[in-house]
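The structure under discussion appears below in the form of structure tokens.
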Amino acid sequence: MVSYDLESAPGGTLLRNVIDLELHGPLRLAGPIVTAKVKSAVAANLDVLRRLLET
């Protein structure tokens with residue numbers, strides 16, 4: 001599950017996201033790799049969103 005929280009902050013808005021992955025079966029062994037990939041992808045998407053909103 002991925003969730004997002006928006007909070008007012010000085011000079012703008014703070015966006016926090018929480019990633020909660022429950023891996024089962026063989027994917028469980030790859031947990032750290034899968035988690036890192038998901039976090040990286042979400043961070044990249046949020047960076048694109050930030051750039052779009054700031055223009």
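Following the order of the structure tokens, chains are lettered A, B, ..., residues in each are numbered from 1, and ligands are numbered from 1.
Residues of chain A carrying a DSSP assignment of strand (DSSP E or B), computed from the backbone, are Val2, Ser3, Tyr4, Asp5, Leu6, Glu7, Ser8, Ala9, Gly12, Thr13, Leu14, Leu15, Arg16, Asn17, Val18 and Ile19 of chain A.
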Set the distance at 10 Å and use only C-alpha atoms: which residues neighbour Thr35 in chain A once local chain neighbours fewer than 2 positions away are removed? I'd like the list as number ranges by chain. A: 19-23, 30-33, 37-41
Need to verify the contact set: range 4-16 of chain A, 12 Å, only C-alpha atoms, exclusion of same-chain residues closer than 4 positions in sequence. Can you return it as a list in words?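 Surrounding residues, per the criterion: Asp20, Val42, Ala43, Leu46, Asp47, Leu49, Arg50, Leu53 and Glu54 of chain A.
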From a backbone DSSP assignment, name each residue in chain A labelled helix (DSSP H, G or I), as an MDAnalysis selection string. chainID A and resid 25:53
